[in-house]
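Asks: Below is the file start-v7.cif, with mmCIF, C-alpha atoms.
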```
data_run
loop_
_atom_site.label_atom_id
_atom_site.label_comp_id
_atom_site.auth_asym_id
_atom_site.auth_seq_id
_atom_site.Cartn_x
_atom_site.Cartn_y
_atom_site.Cartn_z
CA MET A 17 -6.46 20.17 21.63
CA GLN A 18 -8.89 18.76 19.13
CA ALA A 19 -10.59 15.45 19.92
CA PRO A 20 -10.73 13.10 16.90
CA ILE A 21 -13.92 13.05 14.87
CA GLU A 22 -14.87 9.59 16.14
CA TYR A 23 -15.64 11.05 19.60
CA TYR A 24 -18.25 13.39 18.18
CA LEU A 25 -19.72 10.76 15.88
CA VAL A 26 -20.07 8.19 18.68
CA LEU A 27 -21.69 10.80 20.94
CA SER A 28 -24.08 11.61 18.11
CA ALA A 29 -24.82 7.90 17.57
CA VAL A 30 -25.61 7.47 21.28
CA LEU A 31 -27.94 10.47 21.20
CA PHE A 32 -29.65 9.16 18.05
CA ALA A 33 -30.09 5.68 19.54
CA ILE A 34 -31.67 7.16 22.68
CA GLY A 35 -34.05 9.14 20.48
CA VAL A 36 -35.03 6.01 18.52
CA ALA A 37 -35.56 4.15 21.79
CA GLY A 38 -37.86 6.92 22.99
CA VAL A 39 -39.94 6.76 19.81
CA VAL A 40 -40.14 2.95 19.75
CA ILE A 41 -40.73 2.24 23.43
CA ARG A 42 -42.79 5.10 24.83
CA ARG A 43 -46.55 5.48 24.49
CA ASP A 44 -46.93 9.20 24.92
CA VAL A 45 -47.12 11.49 21.90
CA ILE A 46 -45.28 14.35 23.60
CA VAL A 47 -42.39 12.08 24.63
CA ILE A 48 -42.25 10.82 21.04
CA LEU A 49 -42.04 14.41 19.76
CA MET A 50 -39.27 15.16 22.28
CA SER A 51 -37.37 12.06 21.14
CA ILE A 52 -37.63 13.24 17.53
CA GLU A 53 -36.02 16.49 18.65
CA LEU A 54 -33.23 14.41 20.21
CA MET A 55 -32.64 12.61 16.90
CA LEU A 56 -32.59 15.90 14.98
CA ASN A 57 -30.04 17.24 17.46
CA ALA A 58 -27.87 14.16 16.94
CA VAL A 59 -27.94 14.70 13.18
CA ASN A 60 -27.08 18.38 13.62
CA LEU A 61 -24.12 17.36 15.75
CA THR A 62 -22.87 15.11 12.96
CA PHE A 63 -23.23 17.92 10.42
CA ILE A 64 -21.26 20.34 12.61
CA ALA A 65 -18.55 17.74 13.27
CA PHE A 66 -18.06 17.07 9.56
CA SER A 67 -18.18 20.79 8.83
CA ARG A 68 -15.37 21.32 11.31
CA PHE A 69 -13.21 18.44 10.17
CA MET A 70 -13.61 19.19 6.46
CA GLY A 71 -12.91 22.87 6.99
CA SER A 72 -16.10 23.95 5.23
CA VAL A 73 -18.98 26.09 6.46
CA GLU A 74 -21.72 24.37 4.44
CA GLY A 75 -22.54 21.84 7.17
CA GLN A 76 -23.42 24.73 9.46
CA VAL A 77 -25.73 26.16 6.80
CA ILE A 78 -27.56 22.83 6.54
CA VAL A 79 -27.97 22.82 10.32
CA PHE A 80 -30.03 26.01 10.05
CA PHE A 81 -32.42 24.34 7.63
CA VAL A 82 -32.71 21.32 9.94
CA MET A 83 -33.49 23.68 12.83
CA THR A 84 -36.17 25.39 10.74
CA VAL A 85 -37.83 22.09 9.95
CA ALA A 86 -37.51 21.00 13.60
CA ALA A 87 -39.23 24.15 14.78
CA ALA A 88 -42.03 23.79 12.22
CA GLU A 89 -42.45 20.11 13.11
CA ALA A 90 -42.63 20.87 16.84
CA VAL A 91 -45.17 23.65 16.35
CA VAL A 92 -47.52 21.70 14.09
CA GLY A 93 -47.06 18.43 16.02
CA LEU A 94 -47.88 20.01 19.37
CA ALA A 95 -50.85 21.84 17.89
CA ILE A 96 -52.20 18.51 16.62
CA VAL A 97 -51.52 16.90 20.03
CA ILE A 98 -53.42 19.65 21.87
CA SER A 99 -56.26 19.51 19.38
CA VAL A 100 -56.58 15.71 19.65
CA PHE A 101 -56.33 15.87 23.44
CA ARG A 102 -59.18 18.37 23.55
CA PHE A 103 -61.55 16.02 21.71
CA ARG A 104 -60.34 12.61 22.93
CA GLN A 105 -58.70 13.21 26.33
CA THR A 106 -55.83 10.88 25.42
CA LEU A 107 -52.15 11.06 24.51
CA ASP A 108 -51.71 7.39 23.60
CA PRO A 109 -50.84 7.03 19.89
CA ARG A 110 -52.81 3.76 19.79
CA ASP A 111 -56.01 5.71 20.46
CA MET A 112 -55.35 8.15 17.61
CA GLN A 113 -56.73 6.23 14.66
CA LEU A 114 -59.05 8.81 13.12
CA LEU A 115 -57.44 8.45 9.70
CA LYS A 116 -57.46 4.65 9.65
CA TRP A 117 -60.36 2.72 8.14
CA MET B 10 -5.66 14.13 30.51
CA GLU B 11 -5.89 17.62 29.18
CA VAL B 12 -8.48 20.05 30.48
CA GLY B 13 -10.25 20.16 27.11
CA THR B 14 -10.76 16.39 27.05
CA VAL B 15 -12.16 16.41 30.59
CA VAL B 16 -14.59 19.18 29.71
CA PHE B 17 -15.62 17.31 26.56
CA TYR B 18 -16.36 14.16 28.56
CA LEU B 19 -18.33 16.13 31.16
CA ILE B 20 -20.50 17.78 28.50
CA ALA B 21 -20.98 14.44 26.70
CA LEU B 22 -22.05 12.88 30.01
CA LEU B 23 -24.54 15.71 30.57
CA VAL B 24 -25.96 15.28 27.05
CA VAL B 25 -26.33 11.50 27.29
CA ALA B 26 -27.69 11.47 30.85
CA SER B 27 -30.34 14.10 30.21
CA ALA B 28 -31.26 12.50 26.87
CA ALA B 29 -31.80 9.21 28.72
CA MET B 30 -33.99 11.09 31.23
CA VAL B 31 -36.03 12.54 28.36
CA ALA B 32 -36.66 9.17 26.76
CA PHE B 33 -37.07 6.94 29.82
CA SER B 34 -38.31 9.06 32.74
CA HIS B 35 -41.79 8.11 33.90
CA ASN B 36 -42.68 11.64 34.88
CA ILE B 37 -43.26 13.77 31.79
CA ILE B 38 -42.39 17.00 33.62
CA TYR B 39 -38.91 15.59 34.32
CA SER B 40 -38.66 14.56 30.67
CA ALA B 41 -39.49 18.05 29.47
CA PHE B 42 -37.04 19.74 31.82
CA SER B 43 -34.24 17.26 31.02
CA LEU B 44 -34.50 18.39 27.41
CA LEU B 45 -32.87 21.62 28.64
CA GLY B 46 -29.71 19.70 29.62
CA THR B 47 -29.51 18.00 26.23
CA PHE B 48 -30.00 21.19 24.21
CA ALA B 49 -27.54 23.20 26.32
CA GLY B 50 -24.97 20.38 26.25
CA VAL B 51 -25.21 20.07 22.46
CA ALA B 52 -24.66 23.83 22.25
CA GLY B 53 -21.51 23.31 24.35
CA ILE B 54 -20.29 20.64 21.90
CA TYR B 55 -20.88 23.11 19.05
CA VAL B 56 -18.59 25.57 20.83
CA PHE B 57 -15.99 22.79 21.02
CA LEU B 58 -16.30 22.36 17.27
CA GLY B 59 -15.73 26.05 16.63
CA ALA B 60 -19.31 26.75 15.52
CA ASP B 61 -20.01 29.78 17.67
CA PHE B 62 -22.98 31.18 15.74
CA VAL B 63 -24.72 27.80 15.53
CA ALA B 64 -24.25 27.36 19.29
CA ALA B 65 -25.93 30.71 19.97
CA VAL B 66 -28.77 29.90 17.58
CA GLN B 67 -29.15 26.47 19.20
CA LEU B 68 -29.69 28.16 22.56
CA LEU B 69 -32.09 30.73 21.08
CA ILE B 70 -34.26 28.39 19.00
CA TYR B 71 -34.18 25.17 20.99
CA VAL B 72 -34.03 26.40 24.59
CA GLY B 73 -35.88 29.66 24.00
CA GLY B 74 -38.43 28.40 21.51
CA ILE B 75 -38.99 24.68 21.17
CA LEU B 76 -38.44 23.83 24.85
CA VAL B 77 -40.89 26.49 26.03
CA LEU B 78 -43.38 25.28 23.43
CA ILE B 79 -43.05 21.67 24.64
CA LEU B 80 -43.45 22.77 28.26
CA PHE B 81 -46.63 24.64 27.32
CA ALA B 82 -47.98 21.53 25.58
CA VAL B 83 -47.14 19.37 28.61
CA MET B 84 -48.86 21.77 30.97
CA LEU B 85 -51.91 22.03 28.71
CA THR B 86 -52.43 18.30 28.23
CA HIS B 87 -51.41 16.70 31.53
CA ARG B 88 -53.00 17.25 34.86
CA ILE B 89 -50.19 17.52 37.36
CA THR B 90 -51.79 14.88 39.58
CA ASP B 91 -51.93 12.05 37.05
CA VAL B 92 -48.59 12.52 35.27
CA GLN B 93 -47.49 9.08 36.49
CA ILE B 94 -50.36 7.26 34.82
CA THR B 95 -50.35 8.97 31.44
CA ASN B 96 -46.68 8.25 30.76
CA ARG B 97 -46.75 4.55 29.89
CA SER B 98 -44.32 2.45 27.87
CA ALA B 99 -44.85 -0.72 25.88
CA GLY B 100 -42.93 -3.27 23.80
CA VAL B 101 -39.69 -2.69 25.70
CA VAL B 102 -37.71 -5.81 24.77
CA PRO B 103 -38.19 -5.83 20.95
CA GLY B 104 -37.71 -2.07 20.94
CA LEU B 105 -34.43 -2.32 22.81
CA ILE B 106 -33.24 -5.08 20.45
CA ILE B 107 -33.92 -2.83 17.43
CA VAL B 108 -32.19 0.11 19.08
CA GLY B 109 -29.21 -2.06 20.05
CA LEU B 110 -28.83 -3.30 16.47
CA LEU B 111 -29.08 0.24 15.13
CA PHE B 112 -26.45 1.52 17.56
CA TRP B 113 -24.15 -1.41 16.78
CA LEU B 114 -24.45 -0.63 13.05
CA LEU B 115 -23.66 3.05 13.59
CA TYR B 116 -20.76 2.27 15.94
CA GLU B 117 -19.21 -0.26 13.55
CA THR B 118 -19.47 2.22 10.68
CA ILE B 119 -17.88 5.00 12.72
CA THR B 120 -15.00 2.92 14.08
CA THR B 121 -14.10 1.00 10.91
CA THR B 122 -14.18 3.92 8.47
CA PRO B 123 -10.72 5.48 8.00
CA TRP B 124 -11.60 9.14 8.58
CA ALA B 125 -9.27 11.77 7.21
CA LYS B 126 -7.05 13.51 9.73
CA ALA B 127 -8.45 16.74 11.08
CA LYS B 128 -7.22 19.91 9.46
CA GLU B 129 -5.79 22.33 11.99
CA ILE B 130 -7.98 25.39 11.65
CA ALA B 131 -7.76 28.42 13.88
CA TYR B 132 -10.94 29.26 15.77
CA ALA B 133 -12.56 32.21 14.02
CA ALA B 134 -16.01 33.76 13.92
CA THR B 135 -18.17 31.90 11.41
CA SER B 136 -21.20 34.21 11.15
CA ALA B 137 -19.85 36.22 8.20
CA LYS B 138 -19.17 33.08 6.15
CA ILE B 139 -22.60 31.64 7.00
CA GLY B 140 -24.25 34.89 5.97
CA ASP B 141 -22.40 34.83 2.63
CA GLN B 142 -23.56 31.27 2.00
CA PHE B 143 -27.17 32.14 2.83
CA LEU B 144 -27.31 35.10 0.47
CA GLN B 145 -25.37 33.44 -2.36
CA SER B 146 -25.55 29.70 -2.99
CA TYR B 147 -28.41 28.94 -0.56
CA LEU B 148 -30.66 31.91 -1.29
CA LEU B 149 -33.60 29.89 -2.64
CA PRO B 150 -33.65 27.30 0.22
CA PHE B 151 -33.35 30.22 2.66
CA GLU B 152 -36.47 31.86 1.26
CA LEU B 153 -38.27 28.51 1.17
CA ALA B 154 -37.45 28.04 4.86
CA SER B 155 -39.25 31.27 5.68
CA ILE B 156 -42.30 30.06 3.73
CA VAL B 157 -42.19 26.77 5.67
CA LEU B 158 -42.14 28.72 8.94
CA LEU B 159 -45.06 30.90 7.83
CA ALA B 160 -47.07 27.82 6.87
CA ALA B 161 -46.26 26.19 10.23
CA LEU B 162 -47.36 29.35 12.04
CA ILE B 163 -50.70 29.53 10.27
CA GLY B 164 -51.22 25.76 10.53
CA ALA B 165 -50.59 25.77 14.28
CA VAL B 166 -53.09 28.60 14.82
CA VAL B 167 -55.73 26.87 12.71
CA LEU B 168 -55.22 23.52 14.45
CA ALA B 169 -55.02 24.66 18.05
CA ARG B 170 -57.76 27.32 18.23
CA LYS B 171 -61.19 26.51 19.56
CA GLU B 172 -63.74 25.44 16.96
CA MET B 173 -66.28 28.23 16.42
CA LYS B 174 -69.89 27.18 15.92
CA GLY B 175 -72.04 28.90 13.30
#
```
Would you mind writing the file's structure down as structure tokens?
Replies:
Amino acid sequence: MQAPIEYYLVLSAVLFAIGVAGVVIRRDVIVILMSIELMLNAVNLTFIAFSRFMGSVEGQVIVFFVMTVAAAEAVVGLAIVISVFRFRQTLDPRDMQLLKW
Amino acid sequence: MEVGTVVFYLIALLVVASAAMVAFSHNIIYSAFSLLGTFAGVAGIYVFLGADFVAAVQLLIYVGGILVLILFAVMLTHRITDVQITNRSAGVVPGLIIVGLLFWLLYETITTTPWAKAKEIAYAATSAKIGDQFLQSYLLPFELASIVLLAALIGAVVLARKEMKG
């Protein structure tokens, strides 16, 4: 049994929409970073689905690069969050305006 | 319904429910732990799609690496007692309108596009083919990815260590 590609794409769209909702609605930097991971996972799911249905392995190769960037983004993002929290005692993105003038 | 379809729906339900917990739970500890359900469920979907190696790597990198990292960050920045207060939300209605429009756009695109019929491919191990791709056509991006990871490693250490005086 192979479910049609629309199933996977709709699941991926739902996951992506939830991730966007998390970024837009929440006011906590760590939740925003987690929601970005959700969106990256949704995109990976789309890549794998197309890779399967087109019978090519290249989509899976791209997924590895996306995972690399996701890991780097999480590491640097969380380091910045911890560093800002140490000086400002806040996780609200509205309080992080050091670079604005 | 076939067994495969039922399992697919169960995994999809797990993914969507825990993703909703991640984005909307008001306790950040619950959010962080729900991420486990999403990552593991997505790995299950990868198995459905015949991507065995990617599923294993998903478990290793996301569950073993990124999730643990996020949990560490949560524990380092939140005091367990005031998790309720620090996890606020704002601008709910306009945000939900934007998200609804985005989802509607994606859904319309997915359902109205005439996708090609799936090719019937036998399930086979994909790691050898992925390895060939990495060392042939994608050699330069592969090496660049390792440089990106090295830069992220050094950057994280520089950012997160304590500032030394003098």
Asks: Name the residues that the PyMOL selection byres ((chain B and resi 67) around 9) pulls out of this structure, and write them as number ranges by chain.
Replies: A: 83; B: 48-49, 51-52, 55, 62-66, 68-73
Asks: Counting all atoms listed in the file, which of A:Thr106, A:Val36, A:Asn60, A:Ala95 gets nearest to A:Phe81?
Replies: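 Among the listed residues, A:Asn60 lies closest to A:Phe81.
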Asks: Excluding same-chain residues fewer than 3 positions from B:Gly100, what lies within 10 Å of it counting all atoms listed in the file, as a list in words?
Replies: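 Everything that qualifies: Val40, Ile41, Arg42 and Arg43 of chain A; Pro103, Gly104 and Leu105 of chain B.
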Asks: Please provide as a list in words all residues within 10 Å of A:Gly93, with the sequence filter that same-chain residues fewer than 5 positions apart are discarded (counting only C-alpha atoms).
Replies: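 In the requested format, the answer is Val45, Ile46, Leu49, Ala87, Ala88, Ile98 and Ser99 of chain A; Ala161, Ala165 and Leu168 of chain B.
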Asks: Mind listing as number ranges by chain all residues within 6 Å of (-32.6, 29.5, 6.6), counting all atoms listed in the file?
Replies: A: 80-81; B: 151, 154
Asks: Running the PyMOL selection byres ((chain A) within 7 of (chain B)) on this model by hand, what would come out? Give it as a ChimeraX atom specification.
Replies: /A:17,22,25-27,29,31,33-38,40-44,47,51,65,68-69,71,73,76-77,81,84,87-88,90-92,94-96,98-99,101
Asks: Quick one: pull the distance between atom CA of B:Gly50 and atom CA of A:Gly75, Å, one decimal.
Replies: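 Atom-to-atom, atom CA of B:Gly50 to atom CA of A:Gly75, that is 19.3 Å.
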Asks: Quick one: pull the distance between atom CA of A:Leu54 and atom CA of B:Val16, Å, one decimal.
Replies: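 Taking atom CA of A:Leu54 as the start and atom CA of B:Val16 as the end point, the length is 21.5 Å.
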Asks: One number please: atom CA of A:Val79 to atom CA of A:Val97, in Å, one decimal.
Replies: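 For atom CA of A:Val79 relative to atom CA of A:Val97, the distance reads 26.2 Å.
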Asks: Restricting the calculation to all atoms listed in the file: of A:Val39, A:Ile21, A:Met112, A:Val82, which residue gets closest to A:Val59?
Replies: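 Among the listed residues, the smallest separation from A:Val59 belongs to A:Val82.
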Asks: Complete stretch 94-115 of chain A at the level of N, CA, C and O atoms, written as a PDB file, in the coordinates of the input.
Replies:
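File written: selection_33.pdb
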```pdb
ATOM      1  N   LEU A  94     -47.265  19.714  18.071  1.00  0.00           N
ATOM      2  CA  LEU A  94     -47.880  20.010  19.370  1.00  0.00           C
ATOM      3  C   LEU A  94     -49.271  20.581  19.197  1.00  0.00           C
ATOM      4  O   LEU A  94     -50.162  20.301  20.020  1.00  0.00           O
ATOM      5  N   ALA A  95     -49.497  21.348  18.129  1.00  0.00           N
ATOM      6  CA  ALA A  95     -50.850  21.840  17.890  1.00  0.00           C
ATOM      7  C   ALA A  95     -51.804  20.675  17.644  1.00  0.00           C
ATOM      8  O   ALA A  95     -52.931  20.656  18.175  1.00  0.00           O
ATOM      9  N   ILE A  96     -51.352  19.685  16.854  1.00  0.00           N
ATOM     10  CA  ILE A  96     -52.200  18.510  16.620  1.00  0.00           C
ATOM     11  C   ILE A  96     -52.442  17.769  17.932  1.00  0.00           C
ATOM     12  O   ILE A  96     -53.573  17.345  18.233  1.00  0.00           O
ATOM     13  N   VAL A  97     -51.370  17.612  18.763  1.00  0.00           N
ATOM     14  CA  VAL A  97     -51.520  16.900  20.030  1.00  0.00           C
ATOM     15  C   VAL A  97     -52.569  17.593  20.911  1.00  0.00           C
ATOM     16  O   VAL A  97     -53.461  16.944  21.469  1.00  0.00           O
ATOM     17  N   ILE A  98     -52.477  18.928  21.012  1.00  0.00           N
ATOM     18  CA  ILE A  98     -53.420  19.650  21.870  1.00  0.00           C
ATOM     19  C   ILE A  98     -54.831  19.530  21.317  1.00  0.00           C
ATOM     20  O   ILE A  98     -55.801  19.318  22.054  1.00  0.00           O
ATOM     21  N   SER A  99     -54.945  19.602  19.990  1.00  0.00           N
ATOM     22  CA  SER A  99     -56.260  19.510  19.380  1.00  0.00           C
ATOM     23  C   SER A  99     -56.878  18.124  19.600  1.00  0.00           C
ATOM     24  O   SER A  99     -58.064  18.004  19.953  1.00  0.00           O
ATOM     25  N   VAL A 100     -56.072  17.061  19.422  1.00  0.00           N
ATOM     26  CA  VAL A 100     -56.580  15.710  19.650  1.00  0.00           C
ATOM     27  C   VAL A 100     -56.926  15.504  21.117  1.00  0.00           C
ATOM     28  O   VAL A 100     -57.950  14.915  21.460  1.00  0.00           O
ATOM     29  N   PHE A 101     -56.078  16.043  22.003  1.00  0.00           N
ATOM     30  CA  PHE A 101     -56.330  15.870  23.440  1.00  0.00           C
ATOM     31  C   PHE A 101     -57.638  16.537  23.834  1.00  0.00           C
ATOM     32  O   PHE A 101     -58.370  16.029  24.686  1.00  0.00           O
ATOM     33  N   ARG A 102     -57.964  17.658  23.187  1.00  0.00           N
ATOM     34  CA  ARG A 102     -59.180  18.370  23.550  1.00  0.00           C
ATOM     35  C   ARG A 102     -60.425  17.531  23.225  1.00  0.00           C
ATOM     36  O   ARG A 102     -61.383  17.520  23.968  1.00  0.00           O
ATOM     37  N   PHE A 103     -60.372  16.786  22.107  1.00  0.00           N
ATOM     38  CA  PHE A 103     -61.550  16.020  21.710  1.00  0.00           C
ATOM     39  C   PHE A 103     -61.559  14.621  22.315  1.00  0.00           C
ATOM     40  O   PHE A 103     -62.617  14.061  22.537  1.00  0.00           O
ATOM     41  N   ARG A 104     -60.383  14.024  22.552  1.00  0.00           N
ATOM     42  CA  ARG A 104     -60.340  12.610  22.930  1.00  0.00           C
ATOM     43  C   ARG A 104     -59.840  12.362  24.341  1.00  0.00           C
ATOM     44  O   ARG A 104     -59.888  11.241  24.818  1.00  0.00           O
ATOM     45  N   GLN A 105     -59.243  13.353  24.972  1.00  0.00           N
ATOM     46  CA  GLN A 105     -58.700  13.210  26.330  1.00  0.00           C
ATOM     47  C   GLN A 105     -57.669  12.088  26.400  1.00  0.00           C
ATOM     48  O   GLN A 105     -57.614  11.349  27.375  1.00  0.00           O
ATOM     49  N   THR A 106     -56.848  11.921  25.377  1.00  0.00           N
ATOM     50  CA  THR A 106     -55.830  10.880  25.420  1.00  0.00           C
ATOM     51  C   THR A 106     -54.566  11.361  24.741  1.00  0.00           C
ATOM     52  O   THR A 106     -54.604  12.235  23.882  1.00  0.00           O
ATOM     53  N   LEU A 107     -53.424  10.769  25.163  1.00  0.00           N
ATOM     54  CA  LEU A 107     -52.150  11.060  24.510  1.00  0.00           C
ATOM     55  C   LEU A 107     -51.516   9.775  23.994  1.00  0.00           C
ATOM     56  O   LEU A 107     -50.370   9.773  23.579  1.00  0.00           O
ATOM     57  N   ASP A 108     -52.257   8.670  24.034  1.00  0.00           N
ATOM     58  CA  ASP A 108     -51.710   7.390  23.600  1.00  0.00           C
ATOM     59  C   ASP A 108     -51.846   7.283  22.083  1.00  0.00           C
ATOM     60  O   ASP A 108     -52.953   7.378  21.555  1.00  0.00           O
ATOM     61  N   PRO A 109     -50.724   7.083  21.355  1.00  0.00           N
ATOM     62  CA  PRO A 109     -50.840   7.030  19.890  1.00  0.00           C
ATOM     63  C   PRO A 109     -51.733   5.892  19.407  1.00  0.00           C
ATOM     64  O   PRO A 109     -52.246   5.955  18.299  1.00  0.00           O
ATOM     65  N   ARG A 110     -51.939   4.855  20.254  1.00  0.00           N
ATOM     66  CA  ARG A 110     -52.810   3.760  19.790  1.00  0.00           C
ATOM     67  C   ARG A 110     -54.262   4.179  19.745  1.00  0.00           C
ATOM     68  O   ARG A 110     -55.065   3.552  19.076  1.00  0.00           O
ATOM     69  N   ASP A 111     -54.614   5.255  20.489  1.00  0.00           N
ATOM     70  CA  ASP A 111     -56.010   5.710  20.460  1.00  0.00           C
ATOM     71  C   ASP A 111     -56.254   6.719  19.348  1.00  0.00           C
ATOM     72  O   ASP A 111     -57.386   7.126  19.135  1.00  0.00           O
ATOM     73  N   MET A 112     -55.191   7.131  18.652  1.00  0.00           N
ATOM     74  CA  MET A 112     -55.350   8.150  17.610  1.00  0.00           C
ATOM     75  C   MET A 112     -55.423   7.461  16.258  1.00  0.00           C
ATOM     76  O   MET A 112     -54.428   7.343  15.556  1.00  0.00           O
ATOM     77  N   GLN A 113     -56.600   6.980  15.900  1.00  0.00           N
ATOM     78  CA  GLN A 113     -56.730   6.230  14.660  1.00  0.00           C
ATOM     79  C   GLN A 113     -57.817   6.813  13.785  1.00  0.00           C
ATOM     80  O   GLN A 113     -58.488   6.112  13.036  1.00  0.00           O
ATOM     81  N   LEU A 114     -58.003   8.144  13.880  1.00  0.00           N
ATOM     82  CA  LEU A 114     -59.050   8.810  13.120  1.00  0.00           C
ATOM     83  C   LEU A 114     -58.896   8.588  11.630  1.00  0.00           C
ATOM     84  O   LEU A 114     -59.873   8.479  10.912  1.00  0.00           O
ATOM     85  N   LEU A 115     -57.669   8.525  11.149  1.00  0.00           N
ATOM     86  CA  LEU A 115     -57.440   8.450   9.700  1.00  0.00           C
ATOM     87  C   LEU A 115     -57.344   7.032   9.198  1.00  0.00           C
ATOM     88  O   LEU A 115     -57.139   6.810   8.014  1.00  0.00           O
TER      89      LEU A 115
END
```
